[in-house]
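Listing of start_15.cif; format and content: mmCIF, C-alpha atoms.
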data_structure
#
loop_
_atom_site.label_atom_id
_atom_site.label_comp_id
_atom_site.auth_asym_id
_atom_site.auth_seq_id
_atom_site.Cartn_x
_atom_site.Cartn_y
_atom_site.Cartn_z
CA MET A 191 -1.41 -11.16 12.11
CA ILE A 192 0.30 -10.58 8.78
CA LYS A 193 2.45 -8.00 7.06
CA VAL A 194 0.67 -4.73 6.24
CA GLU A 195 1.44 -2.93 3.00
CA LYS A 196 1.22 0.79 3.82
CA SER A 197 1.13 3.59 1.30
CA ALA A 198 4.39 5.54 1.05
CA THR A 199 2.44 8.77 0.65
CA ILE A 200 2.06 10.59 3.96
CA PRO A 201 -1.48 11.95 4.51
CA GLU A 202 -1.46 15.74 4.30
CA SER A 203 -3.04 16.35 7.72
CA LEU A 204 0.00 14.81 9.41
CA LEU A 205 2.13 17.54 7.81
CA THR A 206 -0.22 20.50 8.22
CA THR A 207 -2.06 19.92 11.52
CA LYS A 208 -1.37 18.58 15.01
CA ALA A 209 -3.86 15.73 14.56
CA TYR A 210 -2.79 12.14 14.03
CA ASP A 211 -6.27 10.84 13.18
CA GLY A 212 -7.45 13.16 10.45
CA GLN A 213 -9.99 11.93 7.93
CA ASP A 214 -7.29 11.47 5.29
CA VAL A 215 -5.30 9.29 7.73
CA GLN A 216 -8.39 7.23 8.48
CA ARG A 217 -9.24 6.77 4.80
CA GLN A 218 -5.69 5.80 3.88
CA LEU A 219 -5.37 3.23 6.68
CA LEU A 220 -8.80 1.80 5.91
CA ASN A 221 -7.69 1.36 2.32
CA ASP A 222 -4.17 0.09 3.08
CA GLN A 223 -5.38 -2.44 5.65
CA HIS A 224 -8.46 -3.51 3.71
CA ARG A 225 -10.71 -2.37 6.58
CA LYS A 226 -9.12 -4.87 8.95
CA CYS A 227 -7.46 -4.52 12.35
CA TYR A 228 -3.72 -4.94 11.89
CA ILE A 229 -3.46 -7.16 14.98
CA CYS A 230 -6.41 -9.59 14.95
CA GLU A 231 -7.22 -9.18 11.23
CA CYS A 232 -10.95 -8.92 11.88
CA SER A 233 -13.07 -6.44 9.97
CA VAL A 234 -13.31 -3.16 11.86
CA GLU A 235 -16.50 -1.91 10.18
CA ALA A 236 -17.37 1.38 11.99
CA ASN A 237 -15.60 0.46 15.25
CA TYR A 238 -11.96 1.35 14.71
CA HIS A 239 -9.14 3.32 16.28
CA ILE A 240 -6.00 4.94 14.90
CA GLU A 241 -3.42 3.08 16.97
CA HIS A 242 0.21 3.92 17.69
CA LEU A 243 2.57 1.01 17.23
CA ASN A 244 4.88 2.63 19.77
CA SER A 245 3.03 4.82 22.26
CA GLN A 246 6.23 6.69 23.12
CA ALA A 247 7.19 7.58 19.55
CA ASN A 248 6.07 10.57 17.49
CA ARG A 249 2.28 10.45 17.50
CA GLN A 250 2.16 12.02 14.02
CA ASP A 251 4.71 9.68 12.45
CA TRP A 252 2.97 7.94 9.55
CA ASN A 253 5.12 4.86 10.13
CA ASN A 254 3.80 4.67 13.70
CA LEU A 255 0.10 4.68 12.80
CA PHE A 256 -2.10 1.65 12.17
CA LEU A 257 -5.80 0.84 12.12
CA SER A 258 -7.01 -1.36 14.98
CA CYS A 259 -10.31 -2.53 16.38
CA GLY A 260 -11.42 -1.32 19.79
CA TYR A 261 -10.89 -4.75 21.32
CA CYS A 262 -7.22 -4.97 20.28
CA ASN A 263 -6.53 -1.31 21.03
CA ASP A 264 -7.78 -1.77 24.59
CA LYS A 265 -5.60 -4.85 24.96
CA LYS A 266 -2.43 -3.29 23.58
CA LEU A 267 -2.43 0.28 24.91
CA ALA A 268 1.15 1.08 26.00
CA LEU A 269 1.75 -2.43 27.35
CA TYR A 270 3.17 -3.87 24.13
CA ASP A 271 5.23 -1.13 22.51
CA ASN A 272 8.10 -3.36 21.49
CA ILE A 273 6.34 -5.65 19.00
CA LEU A 274 7.21 -6.48 15.41
CA ASP A 275 6.49 -3.68 12.97
CA PRO A 276 3.89 -5.20 10.60
CA ALA A 277 4.90 -2.81 7.83
CA THR A 278 8.43 -4.20 7.64
CA ASN A 279 8.09 -7.82 8.80
CA ASN A 280 6.45 -10.87 7.22
CA ILE A 281 4.79 -11.78 10.50
CA GLU A 282 2.93 -14.72 8.96
CA ASP A 283 6.33 -16.29 8.20
CA ILE A 284 8.00 -15.38 11.48
CA ILE A 285 5.22 -16.55 13.82
CA GLU A 286 3.32 -19.81 13.40
CA GLN A 287 -0.38 -19.12 13.99
CA ARG A 288 -2.80 -21.97 14.62
CA LEU A 289 -6.21 -22.38 16.21
CA ASP A 290 -6.91 -25.57 18.17
CA THR A 291 -10.69 -25.70 18.16
CA TYR A 292 -10.65 -28.78 20.39
CA SER A 293 -8.92 -27.02 23.27
CA LYS A 294 -10.34 -23.64 22.16
CA GLU A 295 -6.90 -22.11 22.21
CA ALA A 296 -4.81 -20.16 19.74
CA GLU A 297 -1.19 -21.26 19.47
CA PHE A 298 1.69 -18.99 18.46
CA ARG A 299 5.26 -20.22 18.03
CA SER A 300 8.49 -19.00 16.48
CA VAL A 301 12.08 -20.13 16.12
CA ASN A 302 13.00 -16.46 16.41
CA ASN A 303 13.55 -15.56 20.07
CA SER A 304 14.01 -11.81 19.68
CA THR A 305 12.36 -9.47 22.17
CA GLU A 306 10.05 -8.13 19.47
CA VAL A 307 8.85 -11.62 18.51
CA LYS A 308 8.28 -12.62 22.13
CA GLN A 309 6.30 -9.45 22.79
CA THR A 310 4.21 -9.94 19.64
CA ILE A 311 3.37 -13.49 20.71
CA LYS A 312 2.40 -12.29 24.20
CA LEU A 313 0.08 -9.71 22.67
CA LEU A 314 -1.52 -12.25 20.33
CA GLU A 315 -2.01 -14.71 23.22
CA ASN A 316 -3.69 -11.97 25.26
CA ILE A 317 -6.00 -11.11 22.38
CA PHE A 318 -6.99 -14.62 21.30
CA ASN A 319 -6.70 -16.57 24.58
CA GLY A 320 -7.61 -13.84 27.04
CA LYS A 321 -5.77 -11.84 29.66
CA GLU A 322 -5.12 -14.96 31.75
CA HIS A 323 -3.79 -16.78 28.66
CA ASP A 324 -6.14 -19.62 29.57
CA PRO A 325 -9.25 -20.40 27.49
CA ASN A 326 -11.05 -21.50 30.67
CA PHE A 327 -10.79 -18.03 32.18
CA ARG A 328 -11.79 -15.74 29.34
CA SER A 329 -13.95 -12.76 30.21
CA PRO A 330 -17.35 -12.53 28.47
CA HIS A 331 -15.88 -10.00 26.03
CA GLU A 332 -12.93 -12.27 25.30
CA GLU A 333 -15.25 -15.25 24.86
CA VAL A 334 -17.40 -13.41 22.32
CA PHE A 335 -14.29 -12.43 20.40
CA TYR A 336 -12.89 -15.98 20.41
CA ASP A 337 -16.23 -17.46 19.33
CA ARG A 338 -16.26 -15.14 16.31
CA VAL A 339 -12.74 -16.20 15.36
CA GLU A 340 -13.48 -19.91 15.79
CA MET A 341 -16.66 -19.66 13.73
CA SER A 342 -14.74 -18.00 10.89
CA ILE A 343 -11.92 -20.57 10.94
CA ASN A 344 -14.40 -23.47 11.11
CA ASP A 345 -16.16 -22.05 8.07
CA PHE A 346 -12.84 -21.91 6.21
CA MET A 347 -12.00 -25.48 7.25
CA ARG A 348 -15.36 -26.71 5.92
CA LYS A 349 -14.50 -25.19 2.55
CA VAL A 350 -11.05 -26.80 2.65
CA ILE A 351 -12.61 -30.18 3.47
CA ASP A 352 -15.08 -29.78 0.60
CA TYR A 353 -12.12 -29.16 -1.69
CA ARG A 354 -10.27 -32.23 -0.35
CA MET A 355 -13.34 -34.39 -1.00
CA ASN A 356 -13.96 -32.92 -4.43
CA SER A 357 -11.14 -30.90 -5.96
CA SER A 358 -13.39 -29.33 -8.57
CA GLN A 359 -12.59 -25.92 -10.00
CA THR A 360 -15.59 -24.52 -8.14
CA ASN A 361 -14.36 -25.75 -4.76
CA GLU A 362 -10.83 -24.62 -5.54
CA ASP A 363 -12.12 -21.12 -6.36
CA ILE A 364 -14.11 -21.03 -3.10
CA VAL A 365 -10.97 -21.73 -1.05
CA ARG A 366 -8.93 -19.29 -3.11
CA GLU A 367 -11.50 -16.56 -2.50
CA GLU A 368 -11.08 -17.06 1.28
CA LEU A 369 -7.35 -16.35 0.88
CA ALA A 370 -7.81 -12.94 -0.76
CA ILE A 371 -6.00 -10.09 0.99
CA GLY A 372 -9.26 -8.48 2.16
CA LYS A 373 -10.43 -11.58 4.03
CA GLU A 374 -10.15 -11.98 7.80
CA LEU A 375 -7.71 -14.09 9.84
CA LEU A 376 -5.24 -14.74 7.06
CA GLY A 377 -2.43 -15.54 9.49
CA PHE A 378 -4.31 -18.62 10.68
CA LYS A 379 -5.40 -19.57 7.16
CA TYR A 380 -1.81 -19.21 5.96
CA TRP A 381 -0.64 -21.91 8.36
CA ILE A 382 -3.56 -24.21 7.54
CA ILE A 383 -2.39 -24.12 3.93
CA ARG A 384 1.33 -24.40 4.73
CA ASP A 385 0.85 -27.31 7.13
CA GLU A 386 -0.48 -29.55 4.38
CA PRO A 387 1.80 -30.05 1.34
CA THR A 388 -1.07 -30.94 -1.00
CA LEU A 389 -2.88 -27.70 -0.13
CA ASN A 390 0.32 -25.68 -0.32
CA ALA A 391 1.01 -27.07 -3.78
CA VAL A 392 -2.30 -25.66 -5.03
CA PHE A 393 -2.76 -22.53 -2.93
CA GLY A 394 0.81 -21.55 -2.05
CA GLY A 395 0.72 -18.81 -4.66
CA ASP A 396 -2.31 -17.30 -2.97
CA ILE A 397 -0.61 -16.72 0.39
CA ILE A 398 2.19 -14.37 -0.66
CA TRP A 399 0.08 -11.21 -0.39
CA ASN A 400 2.68 -8.59 0.56
CA LYS A 401 5.92 -10.29 -0.48
#

I'd like the structure from this file rewritten - as C-alpha cells, please.
Amino acid sequence: MIKVEKSATIPESLLTTKAYDGQDVQRQLLNDQHRKCYICECSVEANYHIEHLNSQANRQDWNNLFLSCGYCNDKKLALYDNILDPATNNIEDIIEQRLDTYSKEAEFRSVNNSTEVKQTIKLLENIFNGKEHDPNFRSPHEEVFYDRVEMSINDFMRKVIDYRMNSSQTNEDIVREELAIGKELLGFKYWIIRDEPTLNAVFGGDIIWNK
C-alpha cells in the first residue's frame, strides 16, 4: 500500500447527480490509481469497486472515494473506517511492508502507534495473511490471492538477483521498469530496495513516486 496521487478536479457527476460511482468518477480513479486497487496494489482489470475510505462519511465526497478490487472491498467494508488516508500519507514510509516467502506471511510494522496506523496494519494483515491472520488457515480465496502476490514478488526478486549478479545497464533497466508507478505491489518492492543499501543507492530515486 502506497500513497495515491488523486486529481484535484472533482468529477462533474459528484456535483450534479446523487451517484458516487458515475462513469467520470470511475475513469478518473482508474487513471489516478493506474488501474490498481489502492489497498493491495494489484491490477483491478474489469473487477473493481468504487470504495469509500470512511463508510460513514459523505458518500459523494471526492476525497472519500478510491478504486479497490472486489477482494479488498469485501475485506474492508465498514470494519476498517479509521485507516490512513492514502491521498495524504506516504504509507510506504510509515509502514514497513515485507513478504516472507519462507513462512508465506506478509509482515507489516511501524514505529508510529497511532490508531490509524494500527488499523491500516490490521487491514493489510487481513488481506495478505487471511482473516485468521495465520497463513496456515487461509481460505481458498485468500490462498489464491496470496499465491498471486508471492509469484509477483518472486519474479521481482529474480530480476533483482540477476542485477546483483550482473549489474549491466539492461538488468538495471529491467529492475527499474518493475518500480514504475503503474506496476503492482510497490509497497513491498519499496522495502526490498530500501533494505539493501547497494540497491537503494542505485534505485532510491525510482521509489519516490508521489513525494

message = Using all atoms listed in the file, which protein or nucleic acid residues come within 9 Å of region 373-389 of chain A? Drop anything in the same chain fewer than 3 positions from it, and give the result as an MDAnalysis selection string.
response = chainID A and resid 191:192 224 226 230:233 281:283 285:289 339 342:343 346:347 350 354 367:370 392:394 397

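Proximity to Ile398 (chain A) was assessed for A:Phe335, A:Gln223, A:Asn280, A:Glu322 counting only C-alpha atoms; the smallest distance is recorded for A:Asn280.
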
ask   = Which residues come within 12 Å of Lys312 (chain A), counting all atoms listed in the file, excluding same-chain residues fewer than 6 positions away, as a PyMOL selection string?
value = chain A and resi 265-266+269-274+285+296-300+305-306+318-323

request  = Run the PyMOL selection byres ((chain A and resi 203) around 12) against the file shown and list the residues it catches, as a list in words.
outcome  = Thr199, Ile200, Pro201, Glu202, Leu204, Leu205, Thr206, Thr207, Lys208, Ala209, Tyr210, Asp211, Gly212, Gln213, Asp214, Val215, Gln216, Arg217, Gln218, Gln250, Asp251 and Trp252 of chain A

task = For each of A:Leu220, A:Ala277, A:Ala391, A:Cys227, take the minimum atom-to-atom distance to Lys196 (chain A), counting all atoms listed in the file, then give the residue where this is smallest.
result = A:Ala277

ask   = Which of these residues is nearest to Thr278 (chain A), using all atoms listed in the file: A:Ser358, A:Asn253, A:Arg338, A:Ile371?
value =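 Of all the options, A:Asn253 lies closest to Thr278 (chain A).
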
note = Counting all atoms listed in the file, the residue among A:Arg249, A:Glu195, A:Lys349, A:Asn316 that lies closest to Lys401 (chain A) is A:Glu195

query = CA of Asn221 (chain A) and CA of Gly372 (chain A) are how many Å apart?
reply =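 Taking CA of Asn221 (chain A) as the start and CA of Gly372 (chain A) as the end point, the length is 10.0 Å.
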
ask   = What is the CA of His242 (chain A) to CA of Lys294 (chain A) distance in Å?
value =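 Interatomic distance here is 29.8 Å.
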
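With CA of Arg366 (chain A) on one side and CA of Tyr353 (chain A) on the other, the separation reads 10.5 Å.
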